[in-house]
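Q: Sharing a structure, written as structure tokens. Questions coming.
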Amino acid sequence: MSRVSFSHTYQDIISVENLLAAWREFVHGKRNKKDVREFQYRLMDNILTLHQDLQNKTYIHGGYQHFKITDPKPRDIHKATVRDRLVHHALYRKLYPFFDATFIADSYSCRRGKGTHRAMNRFRAFARKESRNHTKTVWVLKCDIKKFFASIDQQTLLTTVSRYVVDMDIQDLLAKIVSSFNSGTAGVGLPLGNLTSQLLVNVYMNEFDQCVKRQLKAKYYIRYADDFVILSRDREWLEQLLMHIRRFLLEEMRLMLHPKKVSISTVATGIDFLGWVHFPDHRVLRTSTKRRMLKRVQGLEADSSAVLSYIGMLQHGNAMKLRNTFLW
């Protein structure tokens with residue numbers, strides 16, 4: 001497969017103009033944060049100093065503030081300094097449009113115009129097509145990658161990036177960001193919290209996406225982050241496919257499937273995918289998702305942003321009764 005090279009230069013990324021544009025994007029919704037206010041107090045001085053450090057190749061990525069969230073399962077978030085996050089944004093705003101154009105259509109995580117709702121609608125469309133409008137049995141291979149962000153091999157990632165980004169200075173800057181973190185083993189892991197991580201995991205997984213589509217010839221394949229499904233009327237073919245997938249992920253990408261989250265089942269029995277259980281003619285909210293949602297909105301006003309957000313989400317499935325509990 002021929003590859004197109006990234007055309008922007010290191011100077012394009014570190015220019016004062018790009019750093020200022022990155023700041024305007026970064027600061028949106030964060031102006032009241034203490035660390036952001038402190039950086040903004042001497043904004044031009046800070047940006048010019050950062051530009052000079054990047055220009056002189058003396059820039060050093062700092063450490064991370066660690067905290068935990070539940071979304072829905074416990075996750076470790078690592079937050080970089082404002083200065084470092086500004087560098088992430090400066091890189092991202094140049095790299096994202098280029099790399100996004102190289103991704104397959106059915107990769108839906110952390111991409112503009114994509115997201116969970118479009119992934120779920122695509123699943124419904126694929127199920128209808130492969131089942132000949134629900135007249136044939138369709139099997140679904142569903143997989144989840146074990147400890148996804150924490151298992152990314154940094155050298156494999158940087159080698160993949162270098163096939164597209166030939167500018168050595170950009171490669172070195174990315175290497176500084178990537179190597180600024182590890183998940184307990186040197187050279188392994190990306191931080192949940194970096195904007196660059198969201199893009200780089202898609203660059204990493206694009207190698208797998210291309211293999212599934214081009215080599216394994218899986219027509220009905222959807223991936224959202226580390227969660228992916230393949231639909232087919234041929235169960236035996238899916239079982240054979242699973243062996244190839246395991247081998248490719250382990251040998252080429254140093255990743256493993258979660259042993260408890262691999263299944264092959266029919267759409268008719270319900271497929272648990274992206275928080276909803278999908279059936280041929282409808283989908284219902286996963287029980288654990290429903291419980292968590294009800295717990296989070298307990299005591300909130302019906303017109304609060306959290307409640308309104310959940311009501312909007314529930315419009316994408318059969319959840320009228322649950323929606324009514326929020327409205328009342």
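Labeling convention for the structure tokens: chains A, B, ... as they appear, residues from 1 per chain, ligands from 1 in order of appearance.
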From the DSSP assignment of the backbone, select every residue of stretch 100-231 of chain A that is helix (DSSP H, G or I), and format the answer as a CSV table (one decimal) with all heavy atoms, in the first residue's frame.
A:
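Dumped to selection_25.csv:
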chain,number,residue,atom,x,y,z
A,100,ASP,N,-6.4,11.7,9.6
A,100,ASP,CA,-7.8,11.3,9.5
A,100,ASP,C,-8.2,10.8,8.1
A,100,ASP,O,-9.0,9.9,7.9
A,100,ASP,CB,-8.7,12.4,9.9
A,100,ASP,CG,-10.1,12.0,10.1
A,100,ASP,OD1,-10.4,11.2,11.0
A,100,ASP,OD2,-11.0,12.4,9.3
A,116,THR,N,-20.1,7.5,18.9
A,116,THR,CA,-20.8,6.2,19.2
A,116,THR,C,-22.1,6.1,18.5
A,116,THR,O,-22.5,5.0,18.0
A,116,THR,CB,-21.1,6.1,20.7
A,116,THR,OG1,-21.8,7.3,21.2
A,116,THR,CG2,-19.8,6.0,21.5
A,117,HIS,N,-22.9,7.2,18.3
A,117,HIS,CA,-24.2,7.1,17.7
A,117,HIS,C,-24.1,6.6,16.2
A,117,HIS,O,-24.9,5.8,15.7
A,117,HIS,CB,-25.0,8.4,17.8
A,117,HIS,CG,-25.2,8.8,19.2
A,117,HIS,ND1,-25.2,10.1,19.7
A,117,HIS,CD2,-25.5,8.0,20.3
A,117,HIS,CE1,-25.5,10.1,21.0
A,117,HIS,NE2,-25.6,8.9,21.4
A,118,ARG,N,-23.1,7.2,15.5
A,118,ARG,CA,-22.9,6.8,14.1
A,118,ARG,C,-22.4,5.4,14.0
A,118,ARG,O,-22.8,4.7,13.1
A,118,ARG,CB,-21.9,7.8,13.5
A,118,ARG,CG,-22.5,9.2,13.2
A,118,ARG,CD,-21.5,10.1,12.5
A,118,ARG,NE,-22.0,11.4,12.3
A,118,ARG,CZ,-22.7,11.8,11.2
A,118,ARG,NH1,-23.0,10.9,10.3
A,118,ARG,NH2,-23.2,13.0,11.1
A,119,ALA,N,-21.6,5.0,15.0
A,119,ALA,CA,-21.1,3.6,15.0
A,119,ALA,C,-22.3,2.6,15.2
A,119,ALA,O,-22.3,1.6,14.6
A,119,ALA,CB,-20.0,3.4,16.1
A,120,MET,N,-23.2,3.0,16.1
A,120,MET,CA,-24.3,2.1,16.4
A,120,MET,C,-25.3,2.0,15.2
A,120,MET,O,-25.8,1.0,14.8
A,120,MET,CB,-25.1,2.6,17.6
A,120,MET,CG,-24.3,2.4,18.9
A,120,MET,SD,-25.3,2.6,20.4
A,120,MET,CE,-25.9,4.3,20.2
A,121,ASN,N,-25.5,3.2,14.5
A,121,ASN,CA,-26.3,3.2,13.3
A,121,ASN,C,-25.7,2.4,12.2
A,121,ASN,O,-26.4,1.7,11.4
A,121,ASN,CB,-26.5,4.6,12.8
A,121,ASN,CG,-27.5,5.4,13.8
A,121,ASN,OD1,-28.2,4.8,14.6
A,121,ASN,ND2,-27.4,6.7,13.7
A,122,ARG,N,-24.3,2.4,12.1
A,122,ARG,CA,-23.6,1.6,11.1
A,122,ARG,C,-23.8,0.1,11.4
A,122,ARG,O,-24.0,-0.7,10.5
A,122,ARG,CB,-22.2,2.0,11.1
A,122,ARG,CG,-21.3,1.4,10.0
A,122,ARG,CD,-21.8,1.9,8.7
A,122,ARG,NE,-20.7,1.7,7.7
A,122,ARG,CZ,-20.9,1.8,6.4
A,122,ARG,NH1,-22.1,2.1,5.9
A,122,ARG,NH2,-19.9,1.7,5.5
A,123,PHE,N,-23.7,-0.2,12.7
A,123,PHE,CA,-24.0,-1.6,13.1
A,123,PHE,C,-25.3,-2.1,12.6
A,123,PHE,O,-25.5,-3.2,12.1
A,123,PHE,CB,-23.8,-1.8,14.6
A,123,PHE,CG,-24.0,-3.2,15.1
A,123,PHE,CD1,-23.0,-4.0,15.3
A,123,PHE,CD2,-25.3,-3.6,15.4
A,123,PHE,CE1,-23.2,-5.3,15.7
A,123,PHE,CE2,-25.5,-4.9,15.9
A,123,PHE,CZ,-24.4,-5.8,16.0
A,124,ARG,N,-26.4,-1.3,12.9
A,124,ARG,CA,-27.7,-1.6,12.5
A,124,ARG,C,-27.8,-1.8,11.0
A,124,ARG,O,-28.5,-2.7,10.5
A,124,ARG,CB,-28.7,-0.5,13.0
A,124,ARG,CG,-30.1,-0.8,12.6
A,124,ARG,CD,-31.1,0.2,13.3
A,124,ARG,NE,-30.7,1.6,13.0
A,124,ARG,CZ,-31.2,2.6,13.7
A,124,ARG,NH1,-32.0,2.4,14.8
A,124,ARG,NH2,-30.8,3.8,13.4
A,125,ALA,N,-27.2,-0.9,10.2
A,125,ALA,CA,-27.2,-1.0,8.8
A,125,ALA,C,-26.5,-2.3,8.3
A,125,ALA,O,-27.0,-3.0,7.4
A,125,ALA,CB,-26.6,0.2,8.1
A,126,PHE,N,-25.3,-2.6,8.9
A,126,PHE,CA,-24.6,-3.8,8.5
A,126,PHE,C,-25.4,-5.0,8.8
A,126,PHE,O,-25.4,-6.0,8.0
A,126,PHE,CB,-23.3,-3.9,9.2
A,126,PHE,CG,-22.2,-3.0,8.7
A,126,PHE,CD1,-20.9,-2.9,9.3
A,126,PHE,CD2,-22.3,-2.4,7.5
A,126,PHE,CE1,-19.9,-2.1,8.8
A,126,PHE,CE2,-21.3,-1.6,6.9
A,126,PHE,CZ,-20.1,-1.5,7.6
A,127,ALA,N,-26.1,-5.1,10.0
A,127,ALA,CA,-26.9,-6.2,10.3
A,127,ALA,C,-28.0,-6.4,9.4
A,127,ALA,O,-28.3,-7.6,9.0
A,127,ALA,CB,-27.4,-6.1,11.8
A,128,ARG,N,-28.6,-5.3,8.9
A,128,ARG,CA,-29.7,-5.4,8.0
A,128,ARG,C,-29.2,-6.0,6.6
A,128,ARG,O,-29.9,-6.8,6.0
A,128,ARG,CB,-30.4,-4.1,7.8
A,128,ARG,CG,-31.7,-4.1,7.0
A,128,ARG,CD,-32.3,-2.8,6.9
A,128,ARG,NE,-32.9,-2.3,8.1
A,128,ARG,CZ,-32.5,-1.3,8.8
A,128,ARG,NH1,-31.5,-0.5,8.3
A,128,ARG,NH2,-33.0,-0.9,9.9
A,129,LYS,N,-28.1,-5.4,6.2
A,129,LYS,CA,-27.6,-5.9,4.9
A,129,LYS,C,-27.2,-7.3,4.9
A,129,LYS,O,-27.6,-8.1,4.0
A,129,LYS,CB,-26.3,-5.0,4.5
A,129,LYS,CG,-26.7,-3.6,4.0
A,129,LYS,CD,-25.4,-2.9,3.6
A,129,LYS,CE,-25.7,-1.5,3.1
A,129,LYS,NZ,-24.4,-0.8,2.8
A,130,GLU,N,-26.4,-7.7,5.9
A,130,GLU,CA,-25.9,-9.1,5.9
A,130,GLU,C,-27.0,-10.1,6.1
A,130,GLU,O,-26.9,-11.3,5.7
A,130,GLU,CB,-24.7,-9.2,6.9
A,130,GLU,CG,-24.1,-10.6,7.0
A,130,GLU,CD,-23.2,-10.9,5.8
A,130,GLU,OE1,-23.4,-10.2,4.7
A,130,GLU,OE2,-22.5,-11.9,5.9
A,148,PHE,N,-5.9,-1.4,26.8
A,148,PHE,CA,-5.5,-0.8,25.5
A,148,PHE,C,-4.4,0.3,25.6
A,148,PHE,O,-3.3,0.1,25.1
A,148,PHE,CB,-6.8,-0.2,24.8
A,148,PHE,CG,-6.6,0.3,23.4
A,148,PHE,CD1,-5.8,-0.3,22.5
A,148,PHE,CD2,-7.3,1.5,23.1
A,148,PHE,CE1,-5.6,0.2,21.3
A,148,PHE,CE2,-7.2,2.0,21.8
A,148,PHE,CZ,-6.3,1.4,20.9
A,149,PHE,N,-4.8,1.4,26.2
A,149,PHE,CA,-3.8,2.5,26.3
A,149,PHE,C,-2.5,2.1,27.0
A,149,PHE,O,-1.4,2.5,26.6
A,149,PHE,CB,-4.4,3.8,27.0
A,149,PHE,CG,-5.2,4.7,26.0
A,149,PHE,CD1,-6.5,4.3,25.6
A,149,PHE,CD2,-4.7,5.9,25.6
A,149,PHE,CE1,-7.2,5.2,24.8
A,149,PHE,CE2,-5.4,6.7,24.7
A,149,PHE,CZ,-6.6,6.3,24.3
A,150,ALA,N,-2.7,1.3,28.0
A,150,ALA,CA,-1.5,0.9,28.8
A,150,ALA,C,-0.6,0.0,28.1
A,150,ALA,O,0.5,-0.3,28.6
A,150,ALA,CB,-2.0,0.4,30.2
A,151,SER,N,-1.1,-0.6,27.0
A,151,SER,CA,-0.3,-1.7,26.3
A,151,SER,C,0.3,-1.2,25.0
A,151,SER,O,1.0,-2.0,24.4
A,151,SER,CB,-1.2,-2.9,26.0
A,151,SER,OG,-1.7,-3.4,27.2
A,154,GLN,N,5.5,1.8,22.5
A,154,GLN,CA,5.9,3.2,22.0
A,154,GLN,C,6.8,3.1,20.7
A,154,GLN,O,6.6,3.9,19.8
A,154,GLN,CB,6.6,4.0,23.1
A,154,GLN,CG,5.6,4.3,24.3
A,154,GLN,CD,6.3,4.9,25.4
A,154,GLN,OE1,7.5,5.2,25.4
A,154,GLN,NE2,5.6,5.2,26.5
A,155,GLN,N,7.7,2.2,20.7
A,155,GLN,CA,8.6,2.2,19.5
A,155,GLN,C,7.9,1.7,18.3
A,155,GLN,O,8.1,2.2,17.2
A,155,GLN,CB,9.8,1.2,19.8
A,155,GLN,CG,10.9,1.3,18.7
A,155,GLN,CD,11.4,2.7,18.5
A,155,GLN,OE1,11.8,3.3,19.4
A,155,GLN,NE2,11.2,3.1,17.2
A,156,THR,N,6.9,0.8,18.4
A,156,THR,CA,6.1,0.3,17.3
A,156,THR,C,5.3,1.5,16.8
A,156,THR,O,5.2,1.7,15.6
A,156,THR,CB,5.2,-0.8,17.7
A,156,THR,OG1,6.0,-1.9,18.2
A,156,THR,CG2,4.4,-1.3,16.5
A,157,LEU,N,4.7,2.3,17.7
A,157,LEU,CA,3.9,3.5,17.4
A,157,LEU,C,4.8,4.5,16.6
A,157,LEU,O,4.4,5.0,15.5
A,157,LEU,CB,3.4,4.1,18.6
A,157,LEU,CG,2.7,5.5,18.5
A,157,LEU,CD1,1.6,5.5,17.5
A,157,LEU,CD2,2.3,6.1,19.8
A,158,LEU,N,6.0,4.8,17.2
A,158,LEU,CA,6.8,5.8,16.5
A,158,LEU,C,7.3,5.4,15.2
A,158,LEU,O,7.5,6.2,14.2
A,158,LEU,CB,8.0,6.2,17.4
A,158,LEU,CG,7.6,6.9,18.7
A,158,LEU,CD1,8.8,7.0,19.7
A,158,LEU,CD2,7.0,8.3,18.4
A,159,THR,N,7.6,4.1,15.0
A,159,THR,CA,8.0,3.5,13.7
A,159,THR,C,6.8,3.7,12.7
A,159,THR,O,7.0,4.0,11.5
A,159,THR,CB,8.4,2.1,13.8
A,159,THR,OG1,9.5,1.9,14.7
A,159,THR,CG2,8.7,1.5,12.5
A,160,THR,N,5.6,3.4,13.2
A,160,THR,CA,4.4,3.6,12.3
A,160,THR,C,4.3,5.0,11.9
A,160,THR,O,4.1,5.3,10.7
A,160,THR,CB,3.2,3.1,13.0
A,160,THR,OG1,3.3,1.7,13.4
A,160,THR,CG2,1.9,3.3,12.1
A,161,VAL,N,4.4,5.9,12.8
A,161,VAL,CA,4.3,7.4,12.5
A,161,VAL,C,5.4,7.8,11.5
A,161,VAL,O,5.1,8.6,10.6
A,161,VAL,CB,4.4,8.2,13.8
A,161,VAL,CG1,4.5,9.7,13.4
A,161,VAL,CG2,3.2,8.0,14.7
A,162,SER,N,6.6,7.3,11.6
A,162,SER,CA,7.7,7.7,10.8
A,162,SER,C,7.5,7.3,9.3
A,162,SER,O,8.1,7.9,8.4
A,162,SER,CB,9.0,7.1,11.3
A,162,SER,OG,9.0,5.7,11.1
A,168,MET,N,12.4,14.8,10.5
A,168,MET,CA,13.0,14.2,11.7
A,168,MET,C,12.7,15.1,13.0
A,168,MET,O,12.6,14.5,14.1
A,168,MET,CB,14.5,14.1,11.5
A,168,MET,CG,14.9,13.0,10.5
A,168,MET,SD,14.2,11.4,10.9
A,168,MET,CE,15.1,11.1,12.4
A,169,ASP,N,12.6,16.4,12.8
A,169,ASP,CA,12.3,17.2,14.0
A,169,ASP,C,10.9,17.0,14.5
A,169,ASP,O,10.7,17.0,15.8
A,169,ASP,CB,12.5,18.7,13.6
A,169,ASP,CG,13.9,19.1,13.3
A,169,ASP,OD1,14.8,18.4,13.9
A,169,ASP,OD2,14.1,20.0,12.5
A,170,ILE,N,10.0,16.7,13.7
A,170,ILE,CA,8.6,16.4,14.1
A,170,ILE,C,8.6,15.0,14.8
A,170,ILE,O,8.0,14.8,15.8
A,170,ILE,CB,7.6,16.4,13.0
A,170,ILE,CG1,7.5,17.8,12.3
A,170,ILE,CG2,6.2,16.0,13.5
A,170,ILE,CD1,6.6,17.8,11.1
A,171,GLN,N,9.4,14.1,14.2
A,171,GLN,CA,9.5,12.8,14.8
A,171,GLN,C,10.1,12.9,16.2
A,171,GLN,O,9.6,12.2,17.2
A,171,GLN,CB,10.4,11.9,14.0
A,171,GLN,CG,9.8,11.4,12.7
A,171,GLN,CD,10.7,10.4,11.9
A,171,GLN,OE1,11.4,9.7,12.5
A,171,GLN,NE2,10.6,10.4,10.6
A,172,ASP,N,11.1,13.7,16.4
A,172,ASP,CA,11.8,13.9,17.7
A,172,ASP,C,10.8,14.5,18.7
A,172,ASP,O,10.8,14.1,19.9
A,172,ASP,CB,13.0,14.7,17.6
A,172,ASP,CG,14.2,14.0,16.8
A,172,ASP,OD1,14.1,12.8,16.7
A,172,ASP,OD2,15.1,14.7,16.4
A,173,LEU,N,10.0,15.5,18.3
A,173,LEU,CA,9.1,16.1,19.2
A,173,LEU,C,8.0,15.1,19.6
A,173,LEU,O,7.7,15.0,20.8
A,173,LEU,CB,8.4,17.3,18.5
A,173,LEU,CG,7.4,18.1,19.3
A,173,LEU,CD1,8.0,18.6,20.7
A,173,LEU,CD2,6.8,19.3,18.5
A,174,LEU,N,7.5,14.3,18.7
A,174,LEU,CA,6.5,13.3,19.0
A,174,LEU,C,7.1,12.2,20.0
A,174,LEU,O,6.5,11.8,20.9
A,174,LEU,CB,6.0,12.6,17.8
A,174,LEU,CG,5.0,13.4,17.0
A,174,LEU,CD1,4.8,12.8,15.6
A,174,LEU,CD2,3.6,13.4,17.7
A,175,ALA,N,8.4,11.9,19.7
A,175,ALA,CA,9.1,10.9,20.6
A,175,ALA,C,9.2,11.5,22.0
A,175,ALA,O,9.1,10.7,23.0
A,175,ALA,CB,10.4,10.6,20.0
A,176,LYS,N,9.5,12.8,22.2
A,176,LYS,CA,9.5,13.4,23.5
A,176,LYS,C,8.2,13.3,24.2
A,176,LYS,O,8.2,13.0,25.4
A,176,LYS,CB,9.9,14.9,23.4
A,176,LYS,CG,11.4,15.1,23.1
A,176,LYS,CD,11.7,16.6,23.1
A,176,LYS,CE,13.2,16.8,22.8
A,176,LYS,NZ,13.6,18.3,22.7
A,177,ILE,N,7.1,13.5,23.5
A,177,ILE,CA,5.8,13.4,24.1
A,177,ILE,C,5.4,12.0,24.5
A,177,ILE,O,5.0,11.7,25.6
A,177,ILE,CB,4.7,14.0,23.2
A,177,ILE,CG1,5.0,15.5,23.0
A,177,ILE,CG2,3.3,13.8,23.7
A,177,ILE,CD1,4.1,16.2,21.9
A,178,VAL,N,5.7,11.1,23.5
A,178,VAL,CA,5.3,9.7,23.8
A,178,VAL,C,6.1,9.1,24.9
A,178,VAL,O,5.6,8.4,25.8
A,178,VAL,CB,5.5,8.9,22.5
A,178,VAL,CG1,5.4,7.4,22.8
A,178,VAL,CG2,4.5,9.3,21.4
A,195,LEU,N,-4.2,15.0,24.3
A,195,LEU,CA,-5.0,15.1,23.0
A,195,LEU,C,-4.2,14.3,22.0
A,195,LEU,O,-4.8,13.6,21.1
A,195,LEU,CB,-5.1,16.5,22.6
A,195,LEU,CG,-5.8,16.8,21.3
A,195,LEU,CD1,-7.3,16.4,21.4
A,195,LEU,CD2,-5.7,18.3,21.0
A,196,THR,N,-2.9,14.3,22.0
A,196,THR,CA,-2.1,13.5,21.0
A,196,THR,C,-2.4,12.0,21.2
A,196,THR,O,-2.3,11.3,20.2
A,196,THR,CB,-0.6,13.8,21.2
A,196,THR,OG1,-0.3,13.7,22.6
A,196,THR,CG2,-0.2,15.2,20.7
A,197,SER,N,-2.7,11.5,22.4
A,197,SER,CA,-2.9,10.1,22.6
A,197,SER,C,-4.1,9.7,21.8
A,197,SER,O,-4.2,8.6,21.2
A,197,SER,CB,-3.1,9.8,24.0
A,197,SER,OG,-1.9,10.0,24.8
A,198,GLN,N,-5.2,10.5,21.8
A,198,GLN,CA,-6.4,10.2,21.0
A,198,GLN,C,-6.1,10.0,19.6
A,198,GLN,O,-6.7,9.0,18.9
A,198,GLN,CB,-7.4,11.3,21.2
A,198,GLN,CG,-7.9,11.5,22.6
A,198,GLN,CD,-8.9,12.7,22.7
A,198,GLN,OE1,-9.4,13.2,21.7
A,198,GLN,NE2,-9.1,13.2,23.9
A,199,LEU,N,-5.3,10.8,19.0
A,199,LEU,CA,-4.9,10.6,17.6
A,199,LEU,C,-3.9,9.5,17.4
A,199,LEU,O,-4.1,8.6,16.5
A,199,LEU,CB,-4.3,11.9,17.1
A,199,LEU,CG,-3.7,11.9,15.6
A,199,LEU,CD1,-4.8,11.6,14.6
A,199,LEU,CD2,-3.0,13.2,15.3
A,200,LEU,N,-2.9,9.4,18.2
A,200,LEU,CA,-1.9,8.3,18.0
A,200,LEU,C,-2.4,6.9,18.2
A,200,LEU,O,-1.9,6.0,17.5
A,200,LEU,CB,-0.7,8.6,19.0
A,200,LEU,CG,0.1,9.9,18.7
A,200,LEU,CD1,1.2,10.1,19.7
A,200,LEU,CD2,0.7,9.8,17.3
A,201,VAL,N,-3.4,6.7,19.0
A,201,VAL,CA,-4.0,5.3,19.1
A,201,VAL,C,-4.7,5.0,17.9
A,201,VAL,O,-4.7,3.8,17.4
A,201,VAL,CB,-4.9,5.1,20.4
A,201,VAL,CG1,-4.1,5.2,21.7
A,201,VAL,CG2,-6.0,6.1,20.4
A,202,ASN,N,-5.3,6.0,17.2
A,202,ASN,CA,-6.0,5.7,15.9
A,202,ASN,C,-4.9,5.4,14.8
A,202,ASN,O,-5.2,4.6,13.9
A,202,ASN,CB,-6.9,6.8,15.5
A,202,ASN,CG,-8.3,6.7,16.1
A,202,ASN,OD1,-8.7,5.6,16.4
A,202,ASN,ND2,-9.0,7.8,16.2
A,203,VAL,N,-3.8,6.1,14.9
A,203,VAL,CA,-2.7,5.9,13.9
A,203,VAL,C,-2.2,4.4,14.1
A,203,VAL,O,-2.0,3.7,13.2
A,203,VAL,CB,-1.6,6.9,14.1
A,203,VAL,CG1,-0.4,6.5,13.2
A,203,VAL,CG2,-2.1,8.3,13.8
A,204,TYR,N,-2.0,4.1,15.4
A,204,TYR,CA,-1.6,2.7,15.8
A,204,TYR,C,-2.5,1.7,15.3
A,204,TYR,O,-2.1,0.7,14.6
A,204,TYR,CB,-1.4,2.7,17.3
A,204,TYR,CG,-0.6,1.6,17.8
A,204,TYR,CD1,0.8,1.6,17.8
A,204,TYR,CD2,-1.2,0.5,18.5
A,204,TYR,CE1,1.6,0.6,18.3
A,204,TYR,CE2,-0.4,-0.5,19.0
A,204,TYR,CZ,1.0,-0.5,18.9
A,204,TYR,OH,1.8,-1.5,19.5
A,205,MET,N,-3.8,1.8,15.6
A,205,MET,CA,-4.8,0.8,15.2
A,205,MET,C,-5.2,0.9,13.8
A,205,MET,O,-5.8,-0.1,13.3
A,205,MET,CB,-6.1,1.0,16.1
A,205,MET,CG,-5.9,0.6,17.5
A,205,MET,SD,-5.4,-1.1,17.7
A,205,MET,CE,-6.9,-1.9,17.2
A,206,ASN,N,-4.8,1.9,13.0
A,206,ASN,CA,-5.1,1.9,11.6
A,206,ASN,C,-4.4,0.8,10.9
A,206,ASN,O,-4.9,0.3,9.9
A,206,ASN,CB,-4.7,3.3,11.0
A,206,ASN,CG,-5.1,3.4,9.6
A,206,ASN,OD1,-6.2,3.2,9.2
A,206,ASN,ND2,-4.1,3.9,8.7
A,207,GLU,N,-3.2,0.4,11.4
A,207,GLU,CA,-2.5,-0.7,10.8
A,207,GLU,C,-3.4,-2.0,10.9
A,207,GLU,O,-3.4,-2.8,10.0
A,207,GLU,CB,-1.2,-0.9,11.5
A,207,GLU,CG,-0.2,0.3,11.5
A,207,GLU,CD,0.2,0.6,10.1
A,207,GLU,OE1,0.8,-0.2,9.4
A,207,GLU,OE2,-0.2,1.7,9.6
A,208,PHE,N,-4.0,-2.2,12.1
A,208,PHE,CA,-4.9,-3.3,12.3
A,208,PHE,C,-6.1,-3.2,11.4
A,208,PHE,O,-6.6,-4.1,10.7
A,208,PHE,CB,-5.3,-3.4,13.7
A,208,PHE,CG,-6.3,-4.5,14.0
A,208,PHE,CD1,-6.0,-5.8,13.9
A,208,PHE,CD2,-7.6,-4.1,14.4
A,208,PHE,CE1,-7.0,-6.8,14.2
A,208,PHE,CE2,-8.6,-5.1,14.7
A,208,PHE,CZ,-8.2,-6.4,14.6
A,209,ASP,N,-6.7,-2.0,11.4
A,209,ASP,CA,-7.9,-1.7,10.5
A,209,ASP,C,-7.7,-2.1,9.1
A,209,ASP,O,-8.5,-2.8,8.4
A,209,ASP,CB,-8.3,-0.3,10.6
A,209,ASP,CG,-8.8,0.2,12.0
A,209,ASP,OD1,-9.2,-0.7,12.8
A,209,ASP,OD2,-8.8,1.4,12.3
A,210,GLN,N,-6.5,-1.6,8.6
A,210,GLN,CA,-6.2,-1.9,7.2
A,210,GLN,C,-6.0,-3.4,6.9
A,210,GLN,O,-6.4,-3.9,5.9
A,210,GLN,CB,-4.9,-1.1,6.8
A,210,GLN,CG,-5.0,0.4,6.9
A,210,GLN,CD,-6.0,1.0,5.9
A,210,GLN,OE1,-6.4,0.3,4.9
A,210,GLN,NE2,-6.4,2.2,6.1
A,211,CYS,N,-5.4,-4.1,7.9
A,211,CYS,CA,-5.2,-5.6,7.8
A,211,CYS,C,-6.6,-6.3,7.7
A,211,CYS,O,-6.8,-7.1,6.9
A,211,CYS,CB,-4.4,-6.1,9.0
A,211,CYS,SG,-4.3,-7.9,9.1
A,212,VAL,N,-7.5,-5.9,8.6
A,212,VAL,CA,-8.8,-6.5,8.7
A,212,VAL,C,-9.6,-6.3,7.4
A,212,VAL,O,-10.2,-7.2,6.8
A,212,VAL,CB,-9.6,-6.0,9.9
A,212,VAL,CG1,-11.1,-6.5,9.8
A,212,VAL,CG2,-9.0,-6.4,11.2
A,213,LYS,N,-9.5,-5.1,6.8
A,213,LYS,CA,-10.3,-4.7,5.6
A,213,LYS,C,-9.6,-5.3,4.3
A,213,LYS,O,-10.2,-5.8,3.5
A,213,LYS,CB,-10.4,-3.2,5.5
A,213,LYS,CG,-11.2,-2.6,6.6
A,213,LYS,CD,-12.7,-3.0,6.6
A,213,LYS,CE,-13.4,-2.4,5.4
A,213,LYS,NZ,-14.9,-2.8,5.4
A,214,ARG,N,-8.3,-5.1,4.2
A,214,ARG,CA,-7.6,-5.4,3.0
A,214,ARG,C,-7.1,-6.8,2.9
A,214,ARG,O,-7.2,-7.4,1.8
A,214,ARG,CB,-6.4,-4.4,2.8
A,214,ARG,CG,-6.9,-3.0,2.6
A,214,ARG,CD,-5.7,-2.0,2.6
A,214,ARG,NE,-6.1,-0.6,2.5
A,214,ARG,CZ,-6.3,0.0,1.3
A,214,ARG,NH1,-6.2,-0.6,0.2
A,214,ARG,NH2,-6.7,1.3,1.3
A,215,GLN,N,-6.5,-7.4,4.0
A,215,GLN,CA,-6.0,-8.7,3.9
A,215,GLN,C,-7.0,-9.8,4.3
A,215,GLN,O,-7.1,-10.8,3.7
A,215,GLN,CB,-4.7,-8.8,4.8
A,215,GLN,CG,-3.6,-7.9,4.4
A,215,GLN,CD,-2.4,-7.9,5.4
A,215,GLN,OE1,-2.1,-8.9,6.0
A,215,GLN,NE2,-1.8,-6.8,5.5
Q: Sorted by chain and rising residue number, list the residues of stretch 13-68 of chain A at most 9 Å from stretch 88-98 of chain A (counting only C-alpha atoms), each with its closest atom pair and distance in Å to one decimal, as CSV.
A:
residue,atom,partner,partner_atom,distance
A:Ile13,CA,A:Ala90,CA,6.0
A:Ile14,CA,A:Ala90,CA,7.2
A:Asn18,CA,A:Ala90,CA,6.2
A:Leu19,CA,A:Ala90,CA,5.7
A:Leu20,CA,A:Ala90,CA,8.6
A:Ala21,CA,A:Ala90,CA,7.8
A:Ala22,CA,A:Ala90,CA,5.1
A:Trp23,CA,A:His89,CA,7.6
A:Glu25,CA,A:His89,CA,7.8
A:Phe26,CA,A:His89,CA,6.7
Q: Any chance you can output those residues with N, CA and C atoms as a compact mmCIF listing (two decimals), in the first residue's frame?
A:
# COMPACT_ATOMS: atom_id res chain seq x y z
N ILE A 13 4.59 23.78 12.59
CA ILE A 13 3.98 23.35 13.85
C ILE A 13 4.37 24.27 15.00
N ILE A 14 5.65 24.67 15.05
CA ILE A 14 6.12 25.46 16.21
C ILE A 14 6.00 26.96 16.00
N ASN A 18 0.84 29.28 14.82
CA ASN A 18 0.19 28.00 15.12
C ASN A 18 0.01 27.81 16.62
N LEU A 19 0.99 28.27 17.41
CA LEU A 19 0.87 28.16 18.86
C LEU A 19 -0.29 29.03 19.37
N LEU A 20 -0.47 30.21 18.80
CA LEU A 20 -1.58 31.07 19.19
C LEU A 20 -2.92 30.46 18.79
N ALA A 21 -2.98 29.89 17.59
CA ALA A 21 -4.21 29.23 17.14
C ALA A 21 -4.51 28.02 18.02
N ALA A 22 -3.47 27.29 18.40
CA ALA A 22 -3.64 26.14 19.29
C ALA A 22 -4.13 26.60 20.66
N TRP A 23 -3.63 27.73 21.14
CA TRP A 23 -4.08 28.25 22.43
C TRP A 23 -5.57 28.58 22.40
N GLU A 25 -7.87 27.27 20.67
CA GLU A 25 -8.63 26.02 20.69
C GLU A 25 -8.55 25.35 22.07
N PHE A 26 -7.36 25.37 22.65
CA PHE A 26 -7.14 24.72 23.94
C PHE A 26 -7.92 25.39 25.07
